[in-house]
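**Q** Pasting my_file_3.csv here (CSV, C-alpha atoms (C1' of nucleotides)):
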chain,number,residue,atom,x,y,z
A,1,MET,CA,2.0,-4.5,-3.2
A,2,PRO,CA,0.9,-5.1,0.4
A,3,GLU,CA,-2.6,-4.2,1.4
A,4,LEU,CA,-4.3,-5.2,4.6
A,5,PRO,CA,-4.4,-9.0,4.0
A,6,GLU,CA,-0.7,-9.1,3.1
A,7,VAL,CA,0.2,-6.9,6.1
A,8,GLU,CA,-1.8,-9.2,8.4
A,9,THR,CA,0.1,-12.2,7.0
A,10,VAL,CA,3.4,-10.6,7.6
A,11,VAL,CA,2.3,-9.7,11.2
A,12,ARG,CA,1.3,-13.3,11.9
A,13,ILE,CA,4.6,-14.6,10.7
A,14,LEU,CA,6.7,-12.1,12.5
A,15,ARG,CA,4.8,-12.8,15.7
A,16,THR,CA,5.9,-16.4,15.7
A,17,GLN,CA,9.5,-15.5,15.1
A,18,ILE,CA,10.6,-12.4,17.0
A,19,VAL,CA,8.2,-11.8,20.0
A,20,GLY,CA,10.1,-11.8,23.3
A,21,GLN,CA,13.5,-10.8,21.7
A,22,VAL,CA,15.5,-7.8,22.7
A,23,ILE,CA,16.7,-5.2,20.1
A,24,HIS,CA,20.5,-5.0,20.7
A,25,ASN,CA,21.4,-2.7,17.9
A,26,VAL,CA,20.1,-1.0,14.7
A,27,THR,CA,21.9,-0.7,11.4
A,28,LEU,CA,20.5,2.1,9.2
A,29,LEU,CA,21.7,1.9,5.6
A,30,TRP,CA,19.1,4.3,3.9
A,31,PRO,CA,18.4,7.1,6.3
A,32,LYS,CA,15.1,8.2,4.9
A,33,THR,CA,13.5,4.8,5.7
A,34,ILE,CA,13.4,5.8,9.4
A,35,GLU,CA,11.5,9.1,9.8
A,36,ASN,CA,13.0,9.9,13.2
A,37,SER,CA,16.2,7.9,13.1
A,38,GLU,CA,18.2,9.6,15.8
A,39,PHE,CA,15.4,9.2,18.4
A,40,PHE,CA,14.5,5.8,17.0
A,41,ILE,CA,17.9,4.3,17.4
A,42,GLN,CA,18.5,5.9,20.8
A,43,GLU,CA,15.2,4.6,22.2
A,44,VAL,CA,14.6,1.1,20.7
A,45,ILE,CA,18.0,-0.3,21.7
A,46,HIS,CA,17.7,-2.6,24.8
A,47,GLN,CA,13.9,-2.7,24.5
A,48,LYS,CA,12.0,-6.0,24.2
A,49,ILE,CA,9.5,-6.8,21.5
A,50,ASN,CA,6.4,-7.7,23.5
A,51,THR,CA,3.6,-8.0,20.9
A,52,ILE,CA,3.2,-7.4,17.1
A,53,THR,CA,-0.2,-6.1,15.9
A,54,ARG,CA,-1.7,-4.4,12.8
A,55,ARG,CA,-3.8,-1.3,12.3
A,56,GLY,CA,-4.8,-0.6,8.7
A,57,LYS,CA,-1.6,-1.2,6.6
A,58,TYR,CA,0.7,-0.4,9.5
A,59,ILE,CA,2.6,-3.1,11.4
A,60,MET,CA,3.0,-2.2,15.1
A,61,ILE,CA,6.0,-3.7,16.8
A,62,ASN,CA,5.1,-3.0,20.4
A,63,LEU,CA,8.1,-2.6,22.8
A,64,ASP,CA,8.3,-2.0,26.5
A,65,LYS,CA,8.0,1.8,26.3
A,66,GLY,CA,6.8,2.6,22.7
A,67,THR,CA,6.0,1.2,19.3
A,68,ILE,CA,7.9,0.8,16.0
A,69,LEU,CA,5.4,1.6,13.3
A,70,VAL,CA,6.2,0.1,9.9
A,71,HIS,CA,4.5,0.9,6.6
A,72,LEU,CA,5.6,-1.4,3.8
A,73,ARG,CA,4.1,0.8,1.1
A,74,MET,CA,4.7,-0.9,-2.2
A,75,GLU,CA,7.5,-3.4,-1.8
A,76,GLY,CA,8.7,-3.3,1.7
A,77,LYS,CA,9.3,-6.8,3.2
A,78,PHE,CA,11.1,-8.4,6.2
A,79,PHE,CA,13.7,-11.1,6.2
A,80,ILE,CA,14.7,-13.0,9.4
A,81,LYS,CA,18.2,-14.2,9.0
A,82,GLU,CA,21.2,-15.5,10.9
A,83,GLU,CA,23.5,-12.7,12.0
A,84,SER,CA,26.3,-14.2,9.9
A,85,GLU,CA,24.4,-14.2,6.7
A,86,PRO,CA,25.3,-11.5,4.1
A,87,ILE,CA,23.0,-8.4,3.8
A,88,PHE,CA,20.6,-8.5,0.9
A,89,LYS,CA,20.6,-5.9,-1.8
A,90,HIS,CA,17.9,-3.3,-1.0
A,91,THR,CA,18.0,-3.9,2.8
A,92,HIS,CA,17.8,-0.5,4.4
A,93,VAL,CA,17.3,-1.2,8.2
A,94,ILE,CA,18.5,-4.1,10.3
A,95,LEU,CA,17.3,-4.8,13.8
A,96,HIS,CA,19.8,-7.0,15.6
A,97,LEU,CA,17.9,-9.3,18.0
A,98,ASP,CA,18.8,-12.1,20.5
A,99,SER,CA,19.0,-15.0,18.1
A,100,CYS,CA,18.7,-13.4,14.6
A,101,LYS,CA,18.6,-10.2,12.7
A,102,LEU,CA,15.5,-8.7,11.1
A,103,GLU,CA,16.2,-7.0,7.7
A,104,PHE,CA,13.8,-4.5,6.4
A,105,ASN,CA,14.2,-4.7,2.6
A,106,ASP,CA,12.5,-2.4,0.1
A,107,THR,CA,13.5,-2.1,-3.5
A,108,ARG,CA,11.6,1.1,-4.2
A,109,LYS,CA,12.6,2.8,-0.9
A,110,PHE,CA,9.0,4.0,-0.3
A,111,GLY,CA,8.5,2.0,3.0
A,112,ARG,CA,8.8,3.9,6.3
A,113,MET,CA,9.5,3.2,9.9
A,114,ILE,CA,8.9,5.5,12.9
A,115,TYR,CA,9.3,5.0,16.6
A,116,THR,CA,6.6,6.6,18.8
A,117,GLU,CA,5.4,6.4,22.4
A,118,ASN,CA,1.9,7.4,21.3
A,119,ALA,CA,1.2,5.0,18.5
A,120,ASN,CA,-2.5,5.0,18.9
A,121,ASP,CA,-2.7,8.8,18.8
A,122,TYR,CA,-0.5,8.8,15.8
A,123,LEU,CA,-2.7,6.3,13.9
A,124,ILE,CA,-6.0,7.6,15.0
A,125,GLN,CA,-5.6,10.9,13.2
A,126,LYS,CA,-4.7,9.1,9.9
A,127,LEU,CA,-7.0,6.0,9.9
A,128,GLY,CA,-10.7,5.3,9.9
A,129,LEU,CA,-12.3,2.1,11.0
A,130,GLU,CA,-10.9,-1.4,10.4
A,131,PRO,CA,-12.9,-3.3,7.8
A,132,PHE,CA,-14.1,-5.7,10.4
A,133,ASP,CA,-15.0,-3.2,13.0
A,134,SER,CA,-18.7,-3.6,14.2
A,135,GLN,CA,-19.0,0.2,14.0
A,136,LEU,CA,-18.6,0.0,10.2
A,137,ASP,CA,-22.1,0.4,9.0
A,138,VAL,CA,-24.2,2.4,6.5
A,139,LYS,CA,-24.6,5.3,8.9
A,140,TYR,CA,-20.8,5.6,9.3
A,141,LEU,CA,-20.2,5.6,5.5
A,142,LYS,CA,-23.0,8.0,4.9
A,143,GLU,CA,-21.5,10.4,7.5
A,144,LYS,CA,-18.0,10.0,6.0
A,145,SER,CA,-19.2,10.7,2.5
A,146,LYS,CA,-21.3,13.7,3.5
A,147,ASN,CA,-20.2,16.9,1.6
A,148,ARG,CA,-17.8,14.9,-0.5
A,149,LYS,CA,-17.7,14.5,-4.2
A,150,VAL,CA,-15.2,11.8,-5.2
A,151,ALA,CA,-15.4,8.6,-7.1
A,152,LEU,CA,-16.3,5.4,-5.3
A,153,LYS,CA,-12.8,4.0,-5.9
A,154,THR,CA,-11.1,7.1,-4.5
A,155,PHE,CA,-13.3,6.9,-1.4
A,156,LEU,CA,-12.4,3.3,-0.9
A,157,LEU,CA,-8.7,4.2,-1.1
A,158,ASP,CA,-9.1,6.9,1.6
A,159,GLN,CA,-7.5,5.4,4.7
A,160,SER,CA,-9.3,7.8,6.9
A,161,VAL,CA,-12.6,6.1,6.0
A,162,ILE,CA,-11.8,2.4,6.0
A,163,ALA,CA,-8.2,1.5,6.8
A,164,GLY,CA,-6.3,-1.1,4.7
A,165,ILE,CA,-7.8,-1.0,1.2
A,166,GLY,CA,-5.3,-0.5,-1.6
A,167,ASN,CA,-5.5,-0.4,-5.4
A,168,ILE,CA,-6.0,-4.2,-5.9
A,169,TYR,CA,-8.9,-4.6,-3.5
A,170,SER,CA,-10.6,-1.3,-4.3
A,171,ASP,CA,-11.1,-2.5,-7.9
A,172,GLU,CA,-12.2,-5.9,-6.6
A,173,ILE,CA,-14.7,-4.4,-4.2
A,174,CYS,CA,-16.2,-2.2,-7.0
A,175,PHE,CA,-16.6,-5.3,-9.2
A,176,MET,CA,-18.3,-7.2,-6.4
A,177,MET,CA,-20.6,-4.2,-5.8
A,178,LYS,CA,-21.4,-4.2,-9.5
A,179,LYS,CA,-20.6,-0.5,-9.5
A,180,HIS,CA,-18.4,1.5,-11.9
A,181,PRO,CA,-15.3,2.7,-9.9
A,182,ASN,CA,-16.0,6.2,-11.1
A,183,THR,CA,-19.5,6.4,-9.7
A,184,SER,CA,-19.9,9.5,-7.6
A,185,ILE,CA,-20.4,8.5,-3.9
A,186,GLN,CA,-23.3,10.9,-3.8
A,187,ARG,CA,-25.2,8.6,-6.1
A,188,LEU,CA,-24.9,5.5,-3.9
A,189,THR,CA,-28.0,4.2,-2.2
A,190,LYS,CA,-28.3,2.7,1.2
A,191,LYS,CA,-28.3,-0.7,-0.5
A,192,ASP,CA,-25.1,0.1,-2.4
A,193,TRP,CA,-23.4,1.1,0.9
A,194,GLN,CA,-24.6,-2.2,2.5
A,195,ASN,CA,-23.1,-4.1,-0.5
A,196,CYS,CA,-19.9,-2.1,-0.1
A,197,ILE,CA,-19.4,-3.2,3.4
A,198,HIS,CA,-20.3,-6.8,2.6
A,199,ALA,CA,-17.9,-6.8,-0.4
A,200,THR,CA,-15.1,-5.3,1.6
A,201,GLN,CA,-15.4,-7.8,4.4
A,202,VAL,CA,-15.8,-10.8,2.1
A,203,ILE,CA,-12.9,-9.9,-0.1
A,204,LEU,CA,-10.4,-8.9,2.6
A,205,SER,CA,-11.3,-11.8,4.9
A,206,SER,CA,-10.9,-14.4,2.2
A,207,ALA,CA,-7.6,-12.7,1.2
A,208,ILE,CA,-6.3,-13.0,4.7
A,209,GLU,CA,-7.4,-16.6,4.9
A,210,ALA,CA,-5.4,-17.2,1.7
A,211,GLY,CA,-2.3,-15.6,3.2
A,212,GLY,CA,-2.4,-12.5,1.1
A,213,SER,CA,-2.5,-12.4,-2.6
A,214,SER,CA,0.7,-12.7,-4.5
A,215,VAL,CA,0.9,-10.1,-7.1
A,216,ARG,CA,4.1,-9.1,-8.7
A,217,SER,CA,7.0,-8.9,-6.3
A,218,TYR,CA,5.2,-9.3,-3.1
A,219,THR,CA,6.7,-11.7,-0.6
A,220,SER,CA,5.9,-11.9,3.1
A,221,SER,CA,8.5,-12.2,5.8
A,222,LEU,CA,11.0,-15.1,5.6
A,223,GLY,CA,10.9,-14.6,1.9
A,224,VAL,CA,7.9,-16.8,1.7
A,225,THR,CA,5.9,-15.9,-1.4
A,226,GLY,CA,2.2,-15.6,-1.0
A,227,LEU,CA,0.4,-18.8,-1.7
A,228,PHE,CA,-1.5,-18.0,-4.8
A,229,GLN,CA,-3.3,-15.4,-6.7
A,230,LEU,CA,-6.5,-15.0,-4.9
A,231,ASN,CA,-9.6,-15.1,-7.1
A,232,ILE,CA,-8.8,-11.8,-8.7
A,233,HIS,CA,-11.5,-10.7,-11.1
A,234,VAL,CA,-10.5,-7.4,-12.5
A,235,TYR,CA,-7.2,-6.0,-11.1
A,236,GLY,CA,-4.4,-6.4,-13.8
A,237,ARG,CA,-6.9,-8.1,-16.2
A,238,SER,CA,-7.5,-5.3,-18.7
A,239,ASN,CA,-8.7,-6.5,-22.1
A,240,LYS,CA,-9.3,-10.0,-20.6
A,241,PRO,CA,-12.8,-11.4,-20.5
A,242,CYS,CA,-15.0,-10.6,-17.5
A,243,HIS,CA,-15.5,-13.7,-15.4
A,244,ILE,CA,-19.2,-13.1,-15.4
A,245,CYS,CA,-20.2,-11.8,-18.9
A,246,GLU,CA,-16.9,-12.3,-20.9
A,247,THR,CA,-16.9,-8.7,-22.1
A,248,PRO,CA,-13.3,-7.5,-22.3
A,249,LEU,CA,-12.4,-5.5,-19.2
A,250,ILE,CA,-11.6,-1.8,-19.5
A,251,LYS,CA,-8.6,0.0,-18.1
A,252,THR,CA,-8.8,3.6,-17.1
A,253,VAL,CA,-7.3,6.0,-14.6
A,254,ILE,CA,-9.2,7.3,-11.6
A,255,GLY,CA,-7.6,9.7,-9.1
A,256,GLN,CA,-4.1,8.9,-10.6
A,257,ARG,CA,-4.6,5.2,-10.1
A,258,SER,CA,-5.0,2.6,-12.8
A,259,SER,CA,-8.4,1.0,-12.6
A,260,VAL,CA,-9.9,-2.0,-14.3
A,261,TYR,CA,-13.7,-2.7,-14.6
A,262,CYS,CA,-16.3,-4.4,-16.6
A,263,PRO,CA,-18.3,-2.0,-18.8
A,264,ILE,CA,-21.3,-4.3,-18.7
A,265,CYS,CA,-21.5,-5.6,-15.1
A,266,GLN,CA,-20.4,-2.4,-13.4
A,267,LYS,CA,-23.0,0.4,-13.7
A,268,ARG,CA,-22.6,4.0,-12.6
B,1,DC,C1',-11.9,22.9,3.0
B,2,DA,C1',-12.0,19.4,-0.5
B,3,DG,C1',-10.0,17.9,-4.5
B,4,DT,C1',-6.0,17.4,-7.6
B,5,DT,C1',-1.2,16.9,-8.8
B,6,DC,C1',3.6,16.0,-7.8
B,7,DG,C1',7.6,13.7,-5.9
B,8,DC,C1',9.6,9.9,-3.9
B,9,DC,C1',12.2,5.2,-6.0
B,10,DT,C1',13.7,1.1,-8.8
B,11,DG,C1',13.2,-2.7,-12.0
B,12,DG,C1',10.8,-4.6,-15.7
B,13,DG,C1',9.0,-4.3,-20.1
B,14,DG,C1',8.0,-2.2,-24.7
B,15,DG,C1',9.7,0.2,-28.7
B,16,DC,C1',13.2,0.8,-31.9
C,1,DT,C1',22.0,-6.3,-27.4
C,2,DG,C1',21.4,-1.7,-25.7
C,3,DC,C1',19.2,2.5,-24.7
C,4,DC,C1',15.3,5.3,-23.6
C,5,DC,C1',11.0,6.0,-21.8
C,6,DC,C1',7.0,4.6,-19.4
C,7,DC,C1',4.7,2.3,-15.8
C,8,DA,C1',3.7,0.4,-11.1
C,9,DG,C1',1.5,2.8,-6.7
C,10,DG,C1',0.8,4.7,-1.0
C,11,DC,C1',1.1,8.7,1.0
C,12,DG,C1',2.4,13.4,2.3
C,13,DA,C1',3.3,17.9,0.6
C,14,DA,C1',2.1,21.5,-2.2
C,15,DC,C1',-0.9,23.2,-5.0
C,16,DT,C1',-5.9,25.0,-7.0
Is it possible to give me this structure as structure tokens?

**A**
Amino acid sequence: MPELPEVETVVRILRTQIVGQVIHNVTLLWPKTIENSEFFIQEVIHQKINTITRRGKYIMINLDKGTILVHLRMEGKFFIKEESEPIFKHTHVILHLDSCKLEFNDTRKFGRMIYTENANDYLIQKLGLEPFDSQLDVKYLKEKSKNRKVALKTFLLDQSVIAGIGNIYSDEICFMMKKHPNTSIQRLTKKDWQNCIHATQVILSSAIEAGGSSVRSYTSSLGVTGLFQLNIHVYGRSNKPCHICETPLIKTVIGQRSSVYCPICQKR
DNA sequence: CAGTTCGCCTGGGGGC
DNA sequence: TGCCCCCAGGCGAACT
């Protein structure tokens, strides 16, 4: 399930493979994958891929006039293949390029693509700061949490606060902060928020360095599986011993999401 | 307005 | 072996 580090890994691989190529045609096999398919197909054909960047969990394929925004959601992935190769099962969109085809493949069909000429405007209303933005400080988080009463974990998953954190890393961040994921954000001290920023940056940057964690079915573009399971302390480890105190980890549900935490190390 | 729940999807796994 | 049901989860829509 791609979160920011996995998306960054995909962006870096795509960048080396398809920048500079022209989109000659689009095959759409599952219409809902492209939100504005008629406009999308009409506009992207004959445009060149100039750069590929990332904002939050969105991949930005920047063309001459506009941008293809891609959200992988849970299982979206790209494959770069020879034009003659057979289409994979679960491929929903194919971009036909100069020397290859780019297949967007997504078992669960949750992934989305959209073409827009105002990508920054589109993203700015959905997304908060990047985890590594120098403006991400205690003051910013205090302001964002003002008048809100949600659990710490729910707050971390809110893309309009910090963009890019998903269910794996939100649990990991809470663990590193030594805070119960259900802690009300109103109870967090300045020191807690400082720890939150630190934990977020350490965990996400080391995950990027590792090439994205490989959990379940996640594979990056080219079908390359993520290198290894990055130092995961709590996610998916319910009933297993805490890496610090060996107490069995507890699984619960917070804001409709499964959450795992250590009942001893993580205080409310 | 803020918070909560539901629907979108498929494959894997547990129970029987 | 086969069938049913539950689960995974990001996000937008529809609710309270």

**Q** Pull out every residue of chain A sitting within 7 Å of chain B, counting only C-alpha atoms (C1' of nucleotides), and send them as an MDAnalysis selection string.

**A** chainID A and resid 107:110

**Q** Residues of chain C within 10 Å of chain A, counting all atoms listed in the file - could you list those as JSON, numbers by chain?

**A** {"C": [8, 9, 10, 11]}

**Q** Quick check, in Å to one decimal: how far apart do CA of Ile41 in chain A and CA of Leu63 in chain A lie?

**A** 13.1 Å

**Q** Separation of CA of Ala119 in chain A and CA of Leu69 in chain A, in Å?

**A** 7.5 Å

**Q** Please measure the separation of CA of Cys262 in chain A and CA of Phe155 in chain A, giving the value in Å to one decimal.

**A** 19.2 Å

**Q** Could you name the residues that touch Ile80 in chain A at 10 Å or less, counting only C-alpha atoms (C1' of nucleotides), but leaving out those on the same chain fewer than 4 positions away, as a PyMOL selection string?

**A** chain A and resi 14+17-18+94-95+97+99-104+221-223

**Q** I need every residue sitting at most 12 Å from the point (-25.3, -0.7, -0.7) (coordinates as in the file, all atoms listed in the file considered), written as a PDB file with C-alpha atoms, in the coordinates of the input.

**A**
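Saved the output as selection22.pdb:
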ATOM      1  CA  ASP A 137     -22.100   0.400   9.000  1.00  0.00           C
ATOM      2  CA  VAL A 138     -24.200   2.400   6.500  1.00  0.00           C
ATOM      3  CA  LYS A 139     -24.600   5.300   8.900  1.00  0.00           C
ATOM      4  CA  LEU A 141     -20.200   5.600   5.500  1.00  0.00           C
ATOM      5  CA  LYS A 142     -23.000   8.000   4.900  1.00  0.00           C
ATOM      6  CA  LEU A 152     -16.300   5.400  -5.300  1.00  0.00           C
ATOM      7  CA  ILE A 173     -14.700  -4.400  -4.200  1.00  0.00           C
ATOM      8  CA  CYS A 174     -16.200  -2.200  -7.000  1.00  0.00           C
ATOM      9  CA  MET A 176     -18.300  -7.200  -6.400  1.00  0.00           C
ATOM     10  CA  MET A 177     -20.600  -4.200  -5.800  1.00  0.00           C
ATOM     11  CA  LYS A 178     -21.400  -4.200  -9.500  1.00  0.00           C
ATOM     12  CA  LYS A 179     -20.600  -0.500  -9.500  1.00  0.00           C
ATOM     13  CA  ILE A 185     -20.400   8.500  -3.900  1.00  0.00           C
ATOM     14  CA  ARG A 187     -25.200   8.600  -6.100  1.00  0.00           C
ATOM     15  CA  LEU A 188     -24.900   5.500  -3.900  1.00  0.00           C
ATOM     16  CA  THR A 189     -28.000   4.200  -2.200  1.00  0.00           C
ATOM     17  CA  LYS A 190     -28.300   2.700   1.200  1.00  0.00           C
ATOM     18  CA  LYS A 191     -28.300  -0.700  -0.500  1.00  0.00           C
ATOM     19  CA  ASP A 192     -25.100   0.100  -2.400  1.00  0.00           C
ATOM     20  CA  TRP A 193     -23.400   1.100   0.900  1.00  0.00           C
ATOM     21  CA  GLN A 194     -24.600  -2.200   2.500  1.00  0.00           C
ATOM     22  CA  ASN A 195     -23.100  -4.100  -0.500  1.00  0.00           C
ATOM     23  CA  CYS A 196     -19.900  -2.100  -0.100  1.00  0.00           C
ATOM     24  CA  ILE A 197     -19.400  -3.200   3.400  1.00  0.00           C
ATOM     25  CA  HIS A 198     -20.300  -6.800   2.600  1.00  0.00           C
ATOM     26  CA  ALA A 199     -17.900  -6.800  -0.400  1.00  0.00           C
ATOM     27  CA  THR A 200     -15.100  -5.300   1.600  1.00  0.00           C
TER      28      THR A 200
END
